[in-house]
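Structure first, then comments.
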Amino acid sequence: MENLTDDLIVKVKTISQGPNADLLRKLVDVLYEQAERREEYDEEPFSPEDLAAIQEGEEAFKRGEFISLEDYEKERGL
């Protein structure tokens with residue numbers, strides 16, 4: 001279990017210092033809230049449809065169909 005934790009910590013630190021830091025924070029907040037609710041209700045945090053949508057989004061991002069929040073803000077002058 002320690003290797004998994006170490007691996008996640010390295011990845012989170014790397015992402016948190018890059019252009020997707022805000023996205024990571026939002027995703028972690030959602031996952032954390034769902035984990036708290038799951039403890040209360042013993043439910044799965046994501047439905048199969050949710051997982052499919054997440055996977056589809058990841059694949060679209062890899063294909064370059066989306067831009068980072070930072071790039072979007074720069075394009076819009078925000």
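Ordering of the structure tokens sets the chain letters (A, B, ...), residue numbers begin anew at 1 in every chain, and ligands are numbered from 1 in the order given.
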
| request: Using backbone DSSP assignments, extract all helix (DSSP H, G or I) residues from chain A; output them as a PyMOL selection string. | output: chain A and resi 2-16+21-41+48-62+69-76

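Shell of stretch 16-28 of chain A at 6 Å, with only C-alpha atoms counted and residues fewer than 4 places along the chain excluded, is A:Val12, A:Tyr32, A:Glu70.
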
| request: Within 8 Å of stretch 45-55 of chain A, counting only C-alpha atoms, which residues show up once you throw out same-chain ones fewer than 4 positions away? Write them as a list in words, please. | output: Leu31, Gln34, Ala35, Arg38 and Glu59 of chain A

Output the selection as a CSV table (one decimal), in the first residue's frame - C-alpha atoms for each residue.
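Produced file again.csv, reproduced below:
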chain,number,residue,atom,x,y,z
A,31,LEU,CA,-13.8,12.6,-4.6
A,34,GLN,CA,-18.1,11.3,-2.2
A,35,ALA,CA,-15.8,9.3,0.0
A,38,ARG,CA,-19.9,6.7,0.9
A,59,GLU,CA,-9.5,10.3,-24.0

| note | What separates atom CA of A:Asp71 and atom CA of A:Glu58 is a distance of 17.3 Å

| task | For atom CA of A:Ala60 and atom CA of A:Leu4, determine how far apart the two atoms are, in Å to one decimal place. | result | 26.3 Å
